[in-house]
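Printed here is data09.csv (CSV, C-alpha atoms and all ligand atoms):
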```
chain,number,residue,atom,x,y,z
A,27,MET,CA,78.3,96.2,91.7
A,28,ARG,CA,81.7,95.8,93.4
A,29,CYS,CA,83.2,98.8,95.1
A,30,LEU,CA,87.0,98.6,95.8
A,31,ALA,CA,89.1,101.1,97.7
A,32,ILE,CA,92.7,101.1,96.4
A,33,ALA,CA,94.6,102.2,99.5
A,34,ASN,CA,98.0,102.3,101.2
A,35,GLN,CA,99.0,105.3,103.2
A,36,LYS,CA,102.5,104.9,102.0
A,37,GLY,CA,103.4,107.3,99.2
A,38,GLY,CA,104.3,105.7,95.9
A,39,ALA,CA,102.9,102.3,96.7
A,40,ALA,CA,101.5,102.1,93.1
A,41,LYS,CA,97.9,102.9,94.1
A,42,THR,CA,97.3,105.1,91.0
A,43,THR,CA,99.1,102.8,88.6
A,44,THR,CA,97.0,99.9,89.9
A,45,THR,CA,93.7,101.9,89.8
A,46,VAL,CA,94.1,103.1,86.3
A,47,ASN,CA,95.5,99.9,84.7
A,48,LEU,CA,93.2,97.5,86.7
A,49,ALA,CA,90.3,99.7,85.5
A,50,ALA,CA,91.4,99.4,81.9
A,51,ALA,CA,91.9,95.7,82.1
A,52,LEU,CA,88.5,95.1,83.8
A,53,ALA,CA,86.9,97.2,81.0
A,54,GLU,CA,88.7,95.0,78.4
A,55,LEU,CA,87.0,92.1,80.1
A,56,GLY,CA,83.6,93.8,79.4
A,57,ARG,CA,83.0,95.3,82.8
A,58,LYS,CA,81.7,98.8,83.2
A,59,VAL,CA,84.1,100.6,85.4
A,60,LEU,CA,84.0,103.9,87.3
A,61,VAL,CA,87.1,105.4,88.8
A,62,ILE,CA,86.6,107.8,91.7
A,63,ASP,CA,89.7,109.9,92.3
A,64,LEU,CA,89.8,110.9,96.0
A,65,ASP,CA,93.4,111.9,95.9
A,66,PRO,CA,93.8,115.8,95.7
A,67,GLN,CA,97.1,115.1,93.7
A,68,GLY,CA,94.7,114.1,90.9
A,69,SER,CA,97.1,111.6,89.4
A,70,SER,CA,94.4,109.2,88.2
A,71,THR,CA,92.4,112.1,86.9
A,72,ASP,CA,95.3,113.4,84.8
A,73,TRP,CA,96.2,109.9,83.6
A,74,LEU,CA,92.6,109.3,82.5
A,75,GLY,CA,92.6,112.5,80.6
A,76,ALA,CA,90.1,114.2,82.8
A,77,GLY,CA,92.3,117.0,84.1
A,78,GLY,CA,90.1,119.7,82.8
A,79,ALA,CA,86.9,118.5,84.5
A,80,ARG,CA,85.0,121.3,86.2
A,81,HIS,CA,83.1,119.1,88.7
A,82,GLY,CA,84.2,116.0,90.5
A,83,ALA,CA,84.7,114.2,93.7
A,84,TYR,CA,84.7,117.5,95.8
A,85,ASP,CA,81.2,118.4,94.6
A,86,PHE,CA,79.9,114.9,95.1
A,87,LEU,CA,81.2,114.8,98.7
A,88,THR,CA,80.3,118.3,99.9
A,89,ASN,CA,77.4,119.5,97.7
A,90,GLY,CA,74.2,118.2,96.5
A,91,ALA,CA,75.7,117.1,93.2
A,92,MET,CA,74.5,113.7,91.9
A,93,LEU,CA,76.8,111.0,90.6
A,94,GLY,CA,75.7,111.7,87.0
A,95,ASP,CA,76.6,115.4,87.4
A,96,VAL,CA,80.2,114.7,88.3
A,97,THR,CA,80.9,111.6,86.2
A,98,GLY,CA,82.8,112.1,82.9
A,99,GLY,CA,84.3,110.0,80.2
A,100,SER,CA,88.0,109.2,80.1
A,101,SER,CA,90.8,108.6,77.6
A,102,VAL,CA,90.6,104.9,78.4
A,103,GLU,CA,87.9,103.0,76.7
A,104,GLY,CA,85.1,101.7,78.9
A,105,VAL,CA,86.3,103.7,82.0
A,106,SER,CA,84.4,106.7,83.4
A,107,VAL,CA,85.8,109.0,86.0
A,108,VAL,CA,84.8,111.2,88.9
A,109,ALA,CA,87.7,113.6,88.8
A,110,ALA,CA,89.8,115.1,91.5
A,111,THR,CA,89.5,118.8,90.8
A,112,PRO,CA,91.7,121.4,92.5
A,113,ALA,CA,88.8,122.0,95.0
A,114,LEU,CA,89.4,118.6,96.5
A,115,GLN,CA,92.5,120.0,98.2
A,116,GLY,CA,90.1,121.8,100.5
A,117,ALA,CA,87.9,118.7,101.2
A,118,GLU,CA,89.7,117.5,104.3
A,119,ARG,CA,89.0,120.8,105.9
A,120,ALA,CA,85.4,121.2,104.6
A,121,LEU,CA,84.5,117.7,105.8
A,122,ALA,CA,86.2,118.1,109.2
A,123,ARG,CA,83.3,120.5,110.1
A,124,GLU,CA,80.7,117.9,109.4
A,125,VAL,CA,79.2,115.3,111.6
A,126,GLY,CA,79.7,111.9,110.1
A,127,ALA,CA,82.3,113.2,107.7
A,128,GLU,CA,83.7,109.8,107.0
A,129,MET,CA,80.4,108.6,105.7
A,130,ALA,CA,79.8,111.3,103.1
A,131,LEU,CA,80.8,109.1,100.1
A,132,GLN,CA,78.9,106.1,101.3
A,133,ARG,CA,75.8,108.2,101.8
A,134,LYS,CA,76.0,109.7,98.4
A,135,LEU,CA,76.9,106.4,96.6
A,136,LYS,CA,74.0,104.6,98.2
A,137,GLY,CA,71.5,107.1,96.8
A,138,SER,CA,73.0,107.0,93.3
A,139,ALA,CA,72.4,104.8,90.3
A,140,SER,CA,75.5,102.8,91.1
A,141,ALA,CA,73.8,99.8,89.4
A,142,ALA,CA,75.1,101.3,86.1
A,143,TRP,CA,78.6,100.1,87.1
A,144,ASP,CA,80.1,96.6,87.5
A,145,TYR,CA,83.1,98.1,89.3
A,146,VAL,CA,83.8,101.3,91.2
A,147,LEU,CA,87.5,101.7,92.0
A,148,ILE,CA,88.5,104.5,94.4
A,149,ASP,CA,92.0,105.9,94.3
A,150,THR,CA,93.1,107.4,97.6
A,151,PRO,CA,95.8,109.8,98.9
A,152,PRO,CA,98.9,108.6,100.8
A,153,THR,CA,97.4,109.4,104.2
A,154,LEU,CA,94.8,107.9,106.5
A,155,GLY,CA,92.8,111.1,106.7
A,156,VAL,CA,89.2,111.7,106.1
A,157,LEU,CA,89.3,111.2,102.3
A,158,THR,CA,90.8,107.7,102.7
A,159,LEU,CA,88.4,106.9,105.5
A,160,ASN,CA,85.6,107.9,103.1
A,161,ALA,CA,86.9,105.4,100.6
A,162,LEU,CA,87.1,102.6,103.2
A,163,THR,CA,83.6,103.4,104.5
A,164,ALA,CA,82.0,103.5,101.0
A,165,ALA,CA,83.8,100.5,99.6
A,166,ARG,CA,82.9,96.9,100.3
A,167,GLU,CA,86.4,95.7,99.6
A,168,LEU,CA,90.0,96.9,100.1
A,169,LEU,CA,92.7,96.3,97.6
A,170,VAL,CA,96.2,97.0,98.9
A,171,PRO,CA,99.1,97.5,96.5
A,172,VAL,CA,102.4,97.1,98.2
A,173,GLU,CA,105.7,98.1,96.8
A,174,ALA,CA,108.0,95.1,97.1
A,175,HIS,CA,110.4,96.7,99.5
A,176,VAL,CA,111.1,95.9,103.1
A,177,LEU,CA,110.2,99.4,104.3
A,178,ALA,CA,106.7,99.0,102.9
A,179,LEU,CA,105.8,96.1,105.2
A,180,ALA,CA,105.2,98.0,108.5
A,181,GLY,CA,102.8,100.3,106.8
A,182,VAL,CA,100.6,97.5,105.6
A,183,ALA,CA,100.2,96.2,109.1
A,184,HIS,CA,99.0,99.6,110.2
A,185,LEU,CA,96.6,99.8,107.3
A,186,ILE,CA,95.1,96.4,108.2
A,187,GLU,CA,94.6,97.7,111.7
A,188,THR,CA,92.8,100.7,110.4
A,189,MET,CA,90.6,98.5,108.3
A,190,GLY,CA,89.6,96.7,111.5
A,191,THR,CA,88.7,100.0,113.2
A,192,VAL,CA,86.7,101.1,110.2
A,193,ARG,CA,84.9,97.8,110.2
A,194,ASP,CA,84.0,98.1,113.9
A,195,ARG,CA,82.9,101.7,113.7
A,196,LEU,CA,81.8,102.7,110.2
A,197,ASN,CA,81.5,99.8,107.8
A,198,PRO,CA,80.9,96.3,109.1
A,199,ASP,CA,80.9,94.9,105.6
A,200,LEU,CA,84.4,95.8,104.7
A,201,VAL,CA,86.6,92.9,103.6
A,202,LEU,CA,90.2,92.6,102.3
A,203,ALA,CA,89.9,91.8,98.6
A,204,GLY,CA,93.6,91.3,98.5
A,205,VAL,CA,97.2,92.5,98.7
A,206,VAL,CA,99.1,92.8,95.5
A,207,ALA,CA,102.9,93.0,95.3
A,208,CYS,CA,104.0,95.8,92.9
A,209,ARG,CA,107.3,96.9,91.4
A,210,VAL,CA,108.7,93.5,91.8
A,211,ASP,CA,112.2,93.3,90.5
A,212,SER,CA,112.7,89.7,89.8
A,213,ARG,CA,116.4,90.1,89.5
A,214,THR,CA,116.9,90.8,93.2
A,215,ARG,CA,116.8,88.4,96.1
A,216,HIS,CA,115.4,91.3,98.1
A,217,ALA,CA,112.1,91.6,96.2
A,218,ALA,CA,111.6,87.8,96.5
A,219,ASP,CA,112.2,88.0,100.3
A,220,VAL,CA,109.6,90.8,100.6
A,221,VAL,CA,107.0,88.9,98.6
A,222,ASP,CA,107.7,85.8,100.8
A,223,SER,CA,107.1,87.7,104.0
A,224,LEU,CA,103.9,89.2,102.5
A,225,ARG,CA,102.7,85.7,101.6
A,226,ARG,CA,103.4,84.5,105.2
A,227,LYS,CA,101.5,87.4,106.6
A,228,PHE,CA,98.5,87.5,104.3
A,229,ASP,CA,98.4,83.9,103.2
A,230,GLY,CA,95.0,83.5,101.4
A,231,SER,CA,94.7,87.3,100.9
A,232,MET,CA,97.6,87.7,98.5
A,233,TYR,CA,96.9,87.9,94.8
A,234,ALA,CA,99.0,85.3,92.9
A,235,THR,CA,99.7,88.0,90.3
A,236,GLN,CA,102.8,90.1,91.0
A,237,ILE,CA,103.2,93.4,89.1
A,238,ARG,CA,106.8,93.5,87.9
A,239,GLU,CA,108.9,96.6,87.6
A,240,ASN,CA,108.3,97.9,84.1
A,241,ILE,CA,109.4,101.3,82.9
A,242,LYS,CA,106.4,101.3,80.4
A,243,LEU,CA,104.1,101.7,83.4
A,244,ALA,CA,105.9,104.8,84.4
A,245,GLU,CA,105.8,106.2,80.9
A,246,ALA,CA,102.1,105.6,80.1
A,247,PRO,CA,100.6,108.5,82.2
A,248,SER,CA,102.4,111.1,80.0
A,249,PHE,CA,100.4,109.8,77.1
A,250,ARG,CA,97.1,109.6,78.9
A,251,GLN,CA,97.0,105.9,78.0
A,252,SER,CA,96.5,102.8,80.0
A,253,ILE,CA,99.3,100.3,79.7
A,254,LEU,CA,97.0,98.2,77.5
A,255,ASP,CA,97.0,100.9,74.9
A,256,TYR,CA,100.5,102.3,75.5
A,257,ASP,CA,102.3,99.0,75.1
A,258,PRO,CA,100.0,96.0,75.0
A,259,ARG,CA,102.9,93.6,74.8
A,260,SER,CA,104.7,94.9,77.8
A,261,SER,CA,105.1,92.9,81.0
A,262,GLY,CA,103.0,95.6,82.7
A,263,ALA,CA,100.1,95.0,80.4
A,264,ALA,CA,100.4,91.2,81.0
A,265,ASP,CA,100.5,91.7,84.8
A,266,TYR,CA,97.5,94.0,85.0
A,267,ARG,CA,95.5,91.7,82.7
A,268,ALA,CA,96.4,88.8,85.0
A,269,LEU,CA,95.4,90.8,88.1
A,270,ALA,CA,92.0,91.7,86.4
A,271,ALA,CA,91.4,88.1,85.7
A,272,GLU,CA,92.0,87.3,89.3
A,273,VAL,CA,89.7,90.1,90.5
A,274,VAL,CA,87.0,88.9,88.1
A,275,GLY,CA,87.5,85.4,89.5
A,276,GLN,CA,86.5,86.7,92.9
A,277,GLU,CA,83.1,87.8,91.6
A,278,LYS,CA,81.3,84.6,92.6
A,279,SER,CA,82.5,84.5,96.2
B,1,LIG,N1,105.3,98.2,88.2
B,1,LIG,C1,105.9,99.4,88.1
B,1,LIG,N2,107.1,99.5,87.4
B,1,LIG,C2,107.7,100.7,87.3
B,1,LIG,N3,107.3,101.8,87.9
B,1,LIG,C3,106.2,101.8,88.6
B,1,LIG,C4,105.4,100.6,88.7
B,1,LIG,N4,104.3,100.8,89.5
B,1,LIG,C5,104.4,102.1,89.8
B,1,LIG,N5,105.5,102.7,89.3
B,1,LIG,C6,106.0,104.1,89.5
B,1,LIG,O1,106.1,104.4,90.8
B,1,LIG,C7,105.7,105.7,91.2
B,1,LIG,C8,104.6,105.6,92.2
B,1,LIG,O2,103.5,105.0,91.6
B,1,LIG,P1,102.0,105.5,91.8
B,1,LIG,O3,101.9,107.0,91.5
B,1,LIG,O4,101.1,104.6,91.1
B,1,LIG,O5,101.9,105.3,93.4
B,1,LIG,P2,100.8,106.0,94.4
B,1,LIG,O6,100.7,105.0,95.5
B,1,LIG,O7,99.6,106.3,93.6
B,1,LIG,O8,101.5,107.3,94.9
B,1,LIG,P3,100.9,108.4,95.8
B,1,LIG,O9,101.0,107.9,97.2
B,1,LIG,O10,101.7,109.6,95.5
B,1,LIG,O11,99.5,108.6,95.3
B,1,LIG,C9,105.3,106.3,89.9
B,1,LIG,O12,106.3,107.0,89.3
B,1,LIG,C10,105.0,105.1,89.0
B,1,LIG,O13,105.2,105.4,87.6
B,2,MG,MG,98.5,108.0,93.6
```

Structure re-expressed in structure tokens:
Amino acid sequence: MRCLAIANQKGGAAKTTTTVNLAAALAELGRKVLVIDLDPQGSSTDWLGAGGARHGAYDFLTNGAMLGDVTGGSSVEGVSVVAATPALQGAERALAREVGAEMALQRKLKGSASAAWDYVLIDTPPTLGVLTLNALTAARELLVPVEAHVLALAGVAHLIETMGTVRDRLNPDLVLAGVVACRVDSRTRHAADVVDSLRRKFDGSMYATQIRENIKLAEAPSFRQSILDYDPRSSGAADYRALAAEVVGQEKS
């Protein structure tokens, strides 16, 4: 099983878009995929059609609930989901009272039948609070979507620093799976410049795939469909399929 945290503390970096569509594309390649939504905004949960779930990530993190109790089906074939229910909004505060709060998810996942999944993708909120730290501590790999915009670059450096701290203190096994440039507008010089500086900085850790700006990706959530179902011939579908192929290509190493 591979467990990837999809994180970037910058809002609107395409974390949720990447979580949902990468999950769908991995499922299309025959992988069994679980999405854990650790963002109280619940965007992945809604997109995956699990907005009505009664139990979810909150119960898993703070109660005795087992993974099977909080996992439900989704509107995307081959993808299951641990939902962000409204209770998750209180999780930061509930966990703050606990010793080892950052390790709650890791503890619970270890004791669960995670062998049932090939991939666990964890969507995270746009903060470096205790929920994101739980994701970074439970995951083996970090996948960072970056909006191809110059303002986005400073935040990535800070995130990589945080990854180093988590590795030192909480999760020595954590590695960077890769950085993926998102919302790339190929008509502008600016986007190309940003992708160039990302490449210089992250060298071997950049995915070759770039996710182009595609309005279909912004429309798909309203229909509770992944881009592969909503518009299989769109550039968004092609790009997330290409990203999934790259991610699967990392399985051996
Ligand atoms: N490749 C793309 N083309 C067009 N729009 C996109 C693309 N990727 C993401 N978006 C849009 O950008 C916005 C932010 O994306 P998304 O919600 O995935 O980011 P996020 O990092 O999860 O945000 P948050 O920090 O609020 O959780 C959304 O409106 C989404 O539809
Ligand atoms: Mg999001």

- [ ] Using all atoms listed in the file, find each protein or nucleic acid residue lying at most 7 Å from ligand LIG 1 (chain B); present the set as a ChimeraX atom specification.
- [x] /A:34-44,65,69,150-152,208-210,237-241,243-245,262

Store the residues picked out above, limited to C-alpha atoms, as an mmCIF file, in the coordinates of the input.
```cif
data_model
loop_
_atom_site.group_PDB
_atom_site.id
_atom_site.type_symbol
_atom_site.label_atom_id
_atom_site.label_comp_id
_atom_site.auth_asym_id
_atom_site.auth_seq_id
_atom_site.Cartn_x
_atom_site.Cartn_y
_atom_site.Cartn_z
ATOM 1 C CA ASN A 34 98.000 102.300 101.200
ATOM 2 C CA GLN A 35 99.000 105.300 103.200
ATOM 3 C CA LYS A 36 102.500 104.900 102.000
ATOM 4 C CA GLY A 37 103.400 107.300 99.200
ATOM 5 C CA GLY A 38 104.300 105.700 95.900
ATOM 6 C CA ALA A 39 102.900 102.300 96.700
ATOM 7 C CA ALA A 40 101.500 102.100 93.100
ATOM 8 C CA LYS A 41 97.900 102.900 94.100
ATOM 9 C CA THR A 42 97.300 105.100 91.000
ATOM 10 C CA THR A 43 99.100 102.800 88.600
ATOM 11 C CA THR A 44 97.000 99.900 89.900
ATOM 12 C CA ASP A 65 93.400 111.900 95.900
ATOM 13 C CA SER A 69 97.100 111.600 89.400
ATOM 14 C CA THR A 150 93.100 107.400 97.600
ATOM 15 C CA PRO A 151 95.800 109.800 98.900
ATOM 16 C CA PRO A 152 98.900 108.600 100.800
ATOM 17 C CA CYS A 208 104.000 95.800 92.900
ATOM 18 C CA ARG A 209 107.300 96.900 91.400
ATOM 19 C CA VAL A 210 108.700 93.500 91.800
ATOM 20 C CA ILE A 237 103.200 93.400 89.100
ATOM 21 C CA ARG A 238 106.800 93.500 87.900
ATOM 22 C CA GLU A 239 108.900 96.600 87.600
ATOM 23 C CA ASN A 240 108.300 97.900 84.100
ATOM 24 C CA ILE A 241 109.400 101.300 82.900
ATOM 25 C CA LEU A 243 104.100 101.700 83.400
ATOM 26 C CA ALA A 244 105.900 104.800 84.400
ATOM 27 C CA GLU A 245 105.800 106.200 80.900
ATOM 28 C CA GLY A 262 103.000 95.600 82.700
#
```

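Nearest residue to A:Gly82 among A:Ala218, A:Ala183, A:Leu147, A:Ala109 is A:Ala109, counting all atoms listed in the file.
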
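Taking atom CA of A:Asp229 and atom CA of A:Arg215 as the two end points, the separation is 20.2 Å.
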
Open item on the list: Distance cut-off 7 Å, centre (78.9, 103.4, 109.3) in file coordinates, counting only C-alpha atoms: which residues qualify? Return them as a list in words.
Closed with: Met129, Thr163, Arg195, Leu196 and Asn197 of chain A

12 Å contact set for A:Glu277, only C-alpha atoms, chain neighbours under 2 positions out, as a PDB file with C-alpha atoms, keeping the file's coordinate frame:
```pdb
ATOM      1  CA  MET A  27      78.300  96.200  91.700  1.00  0.00           C
ATOM      2  CA  ARG A  28      81.700  95.800  93.400  1.00  0.00           C
ATOM      3  CA  CYS A  29      83.200  98.800  95.100  1.00  0.00           C
ATOM      4  CA  LEU A  52      88.500  95.100  83.800  1.00  0.00           C
ATOM      5  CA  ARG A  57      83.000  95.300  82.800  1.00  0.00           C
ATOM      6  CA  ASP A 144      80.100  96.600  87.500  1.00  0.00           C
ATOM      7  CA  TYR A 145      83.100  98.100  89.300  1.00  0.00           C
ATOM      8  CA  GLU A 167      86.400  95.700  99.600  1.00  0.00           C
ATOM      9  CA  ALA A 203      89.900  91.800  98.600  1.00  0.00           C
ATOM     10  CA  ALA A 270      92.000  91.700  86.400  1.00  0.00           C
ATOM     11  CA  ALA A 271      91.400  88.100  85.700  1.00  0.00           C
ATOM     12  CA  GLU A 272      92.000  87.300  89.300  1.00  0.00           C
ATOM     13  CA  VAL A 273      89.700  90.100  90.500  1.00  0.00           C
ATOM     14  CA  VAL A 274      87.000  88.900  88.100  1.00  0.00           C
ATOM     15  CA  GLY A 275      87.500  85.400  89.500  1.00  0.00           C
ATOM     16  CA  SER A 279      82.500  84.500  96.200  1.00  0.00           C
TER      17      SER A 279
END
```

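Picture a line from atom CA of A:Leu162 to atom CA of A:Leu254; it runs 27.9 Å.
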
- [ ] May I have the residues within 12 Å of A:Lys227 as JSON, numbers by chain, using only C-alpha atoms and disregarding those fewer than 3 positions away in the same chain?
- [x] {"A": [179, 180, 182, 183, 186, 204, 205, 220, 221, 222, 223, 224, 230, 231, 232]}

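All residues of protein, DNA or RNA that reach within 9 Å of A:Met189, judged by only C-alpha atoms and not counting those fewer than 4 positions away in the chain, are Leu162, Leu168, His184, Leu185, Arg193, Asp194, Leu200, Val201 and Leu202 of chain A.
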
Generate the output file for the selected residues, C-alpha atoms, as a tab-separated table (two decimals), in the frame of the given file.
```tsv
chain	number	residue	atom	x	y	z
A	162	LEU	CA	87.10	102.60	103.20
A	168	LEU	CA	90.00	96.90	100.10
A	184	HIS	CA	99.00	99.60	110.20
A	185	LEU	CA	96.60	99.80	107.30
A	193	ARG	CA	84.90	97.80	110.20
A	194	ASP	CA	84.00	98.10	113.90
A	200	LEU	CA	84.40	95.80	104.70
A	201	VAL	CA	86.60	92.90	103.60
A	202	LEU	CA	90.20	92.60	102.30
```

With all atoms listed in the file as the counted atoms, please give the residues lying no more than 12 Å from A:Ser248, apart from itself and same-chain residues fewer than 6 positions off, as a PDB file with C-alpha atoms, in the frame of the given file.
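Saved result, out-v4.pdb, follows:
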```pdb
ATOM      1  CA  SER A  69      97.100 111.600  89.400  1.00  0.00           C
ATOM      2  CA  SER A  70      94.400 109.200  88.200  1.00  0.00           C
ATOM      3  CA  ASP A  72      95.300 113.400  84.800  1.00  0.00           C
ATOM      4  CA  TRP A  73      96.200 109.900  83.600  1.00  0.00           C
ATOM      5  CA  LEU A  74      92.600 109.300  82.500  1.00  0.00           C
ATOM      6  CA  GLY A  75      92.600 112.500  80.600  1.00  0.00           C
ATOM      7  CA  LYS A 242     106.400 101.300  80.400  1.00  0.00           C
ATOM      8  CA  TYR A 256     100.500 102.300  75.500  1.00  0.00           C
TER       9      TYR A 256
END
```

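Of the listed residues (A:Gly155, A:Gly94, A:Gly78, A:Pro171), A:Pro171 comes nearest to ligand MG 2 (chain B); the distances count all atoms listed in the file.
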
TODO: Find, counting all atoms listed in the file, the residue in A:Leu60, A:Phe249, A:Leu269, A:Ala50 that gets nearest to A:Ala142.
DONE: A:Leu60

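Note that atom CA of A:Gly56 and atom CA of A:Ala264 are 17.1 Å apart.
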
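Among the candidates A:Ala174, A:Val108, A:Val192, A:Gln251, the residue lying nearest to A:Arg225 is A:Ala174 (atoms considered: all atoms listed in the file).
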
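Taking all atoms listed in the file into account, the protein, DNA and RNA residues within 8 Å of (87.6, 114.8, 92.4) read A:Ile62, A:Asp63, A:Leu64, A:Asp65, A:Pro66, A:Gly68, A:Thr71, A:His81, A:Gly82, A:Ala83, A:Tyr84, A:Asp85, A:Val108, A:Ala109, A:Ala110, A:Thr111, A:Pro112, A:Ala113, A:Leu114.
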
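When all atoms listed in the file are used to compute distances to ligand MG 2 (chain B), the closest of the residues A:Thr214, A:Thr158, A:Gln276, A:Ser101 turns out to be A:Thr158.
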
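When only C-alpha atoms are used to compute distances to A:His216, the closest of the residues A:Leu177, A:Ala165, A:Met92, A:Ala51 turns out to be A:Leu177.
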
Open item on the list: Set the distance at 7 Å and use all atoms listed in the file: which residues neighbour A:Ala164 once local chain neighbours fewer than 2 positions away are removed? I'd like the list as a ChimeraX atom specification.
Closed with: /A:131-132,160-162,166

Complete stretch 112-126 of chain A at the level of N, CA, C and O atoms, written as a PDB file, in the frame of the given file.
```pdb
ATOM      1  N   PRO A 112      90.851 120.721  91.531  1.00  0.00           N
ATOM      2  CA  PRO A 112      91.700 121.400  92.500  1.00  0.00           C
ATOM      3  C   PRO A 112      90.914 121.670  93.844  1.00  0.00           C
ATOM      4  O   PRO A 112      91.529 121.713  94.911  1.00  0.00           O
ATOM      5  N   ALA A 113      89.588 121.793  93.778  1.00  0.00           N
ATOM      6  CA  ALA A 113      88.800 122.000  95.000  1.00  0.00           C
ATOM      7  C   ALA A 113      88.977 120.915  96.015  1.00  0.00           C
ATOM      8  O   ALA A 113      88.831 121.135  97.226  1.00  0.00           O
ATOM      9  N   LEU A 114      89.323 119.716  95.548  1.00  0.00           N
ATOM     10  CA  LEU A 114      89.400 118.600  96.500  1.00  0.00           C
ATOM     11  C   LEU A 114      90.507 118.803  97.533  1.00  0.00           C
ATOM     12  O   LEU A 114      90.469 118.216  98.612  1.00  0.00           O
ATOM     13  N   GLN A 115      91.454 119.688  97.225  1.00  0.00           N
ATOM     14  CA  GLN A 115      92.500 120.000  98.200  1.00  0.00           C
ATOM     15  C   GLN A 115      91.887 120.595  99.483  1.00  0.00           C
ATOM     16  O   GLN A 115      92.487 120.518 100.554  1.00  0.00           O
ATOM     17  N   GLY A 116      90.716 121.193  99.366  1.00  0.00           N
ATOM     18  CA  GLY A 116      90.100 121.800 100.500  1.00  0.00           C
ATOM     19  C   GLY A 116      89.070 120.833 101.208  1.00  0.00           C
ATOM     20  O   GLY A 116      88.404 121.205 102.166  1.00  0.00           O
ATOM     21  N   ALA A 117      88.973 119.604 100.688  1.00  0.00           N
ATOM     22  CA  ALA A 117      87.900 118.700 101.200  1.00  0.00           C
ATOM     23  C   ALA A 117      88.146 118.249 102.606  1.00  0.00           C
ATOM     24  O   ALA A 117      87.200 118.153 103.388  1.00  0.00           O
ATOM     25  N   GLU A 118      89.424 117.964 102.946  1.00  0.00           N
ATOM     26  CA  GLU A 118      89.700 117.500 104.300  1.00  0.00           C
ATOM     27  C   GLU A 118      89.139 118.531 105.307  1.00  0.00           C
ATOM     28  O   GLU A 118      88.481 118.192 106.280  1.00  0.00           O
ATOM     29  N   ARG A 119      89.429 119.798 105.013  1.00  0.00           N
ATOM     30  CA  ARG A 119      89.000 120.800 105.900  1.00  0.00           C
ATOM     31  C   ARG A 119      87.484 121.042 105.903  1.00  0.00           C
ATOM     32  O   ARG A 119      86.846 121.174 106.941  1.00  0.00           O
ATOM     33  N   ALA A 120      86.901 121.030 104.709  1.00  0.00           N
ATOM     34  CA  ALA A 120      85.400 121.200 104.600  1.00  0.00           C
ATOM     35  C   ALA A 120      84.706 120.089 105.313  1.00  0.00           C
ATOM     36  O   ALA A 120      83.720 120.320 106.013  1.00  0.00           O
ATOM     37  N   LEU A 121      85.213 118.861 105.165  1.00  0.00           N
ATOM     38  CA  LEU A 121      84.500 117.700 105.800  1.00  0.00           C
ATOM     39  C   LEU A 121      84.728 117.677 107.286  1.00  0.00           C
ATOM     40  O   LEU A 121      83.869 117.187 108.022  1.00  0.00           O
ATOM     41  N   ALA A 122      85.877 118.197 107.743  1.00  0.00           N
ATOM     42  CA  ALA A 122      86.200 118.100 109.200  1.00  0.00           C
ATOM     43  C   ALA A 122      85.100 118.861 109.994  1.00  0.00           C
ATOM     44  O   ALA A 122      84.911 118.564 111.165  1.00  0.00           O
ATOM     45  N   ARG A 123      84.386 119.786 109.373  1.00  0.00           N
ATOM     46  CA  ARG A 123      83.300 120.500 110.100  1.00  0.00           C
ATOM     47  C   ARG A 123      82.036 119.766 110.177  1.00  0.00           C
ATOM     48  O   ARG A 123      81.101 120.210 110.824  1.00  0.00           O
ATOM     49  N   GLU A 124      81.960 118.635 109.449  1.00  0.00           N
ATOM     50  CA  GLU A 124      80.700 117.900 109.400  1.00  0.00           C
ATOM     51  C   GLU A 124      80.614 116.743 110.330  1.00  0.00           C
ATOM     52  O   GLU A 124      81.587 116.039 110.523  1.00  0.00           O
ATOM     53  N   VAL A 125      79.444 116.509 110.860  1.00  0.00           N
ATOM     54  CA  VAL A 125      79.200 115.300 111.600  1.00  0.00           C
ATOM     55  C   VAL A 125      79.123 114.127 110.673  1.00  0.00           C
ATOM     56  O   VAL A 125      78.494 114.217 109.632  1.00  0.00           O
ATOM     57  N   GLY A 126      79.776 113.037 110.993  1.00  0.00           N
ATOM     58  CA  GLY A 126      79.700 111.900 110.100  1.00  0.00           C
ATOM     59  C   GLY A 126      80.453 112.080 108.807  1.00  0.00           C
ATOM     60  O   GLY A 126      80.068 111.540 107.767  1.00  0.00           O
TER      61      GLY A 126
END
```
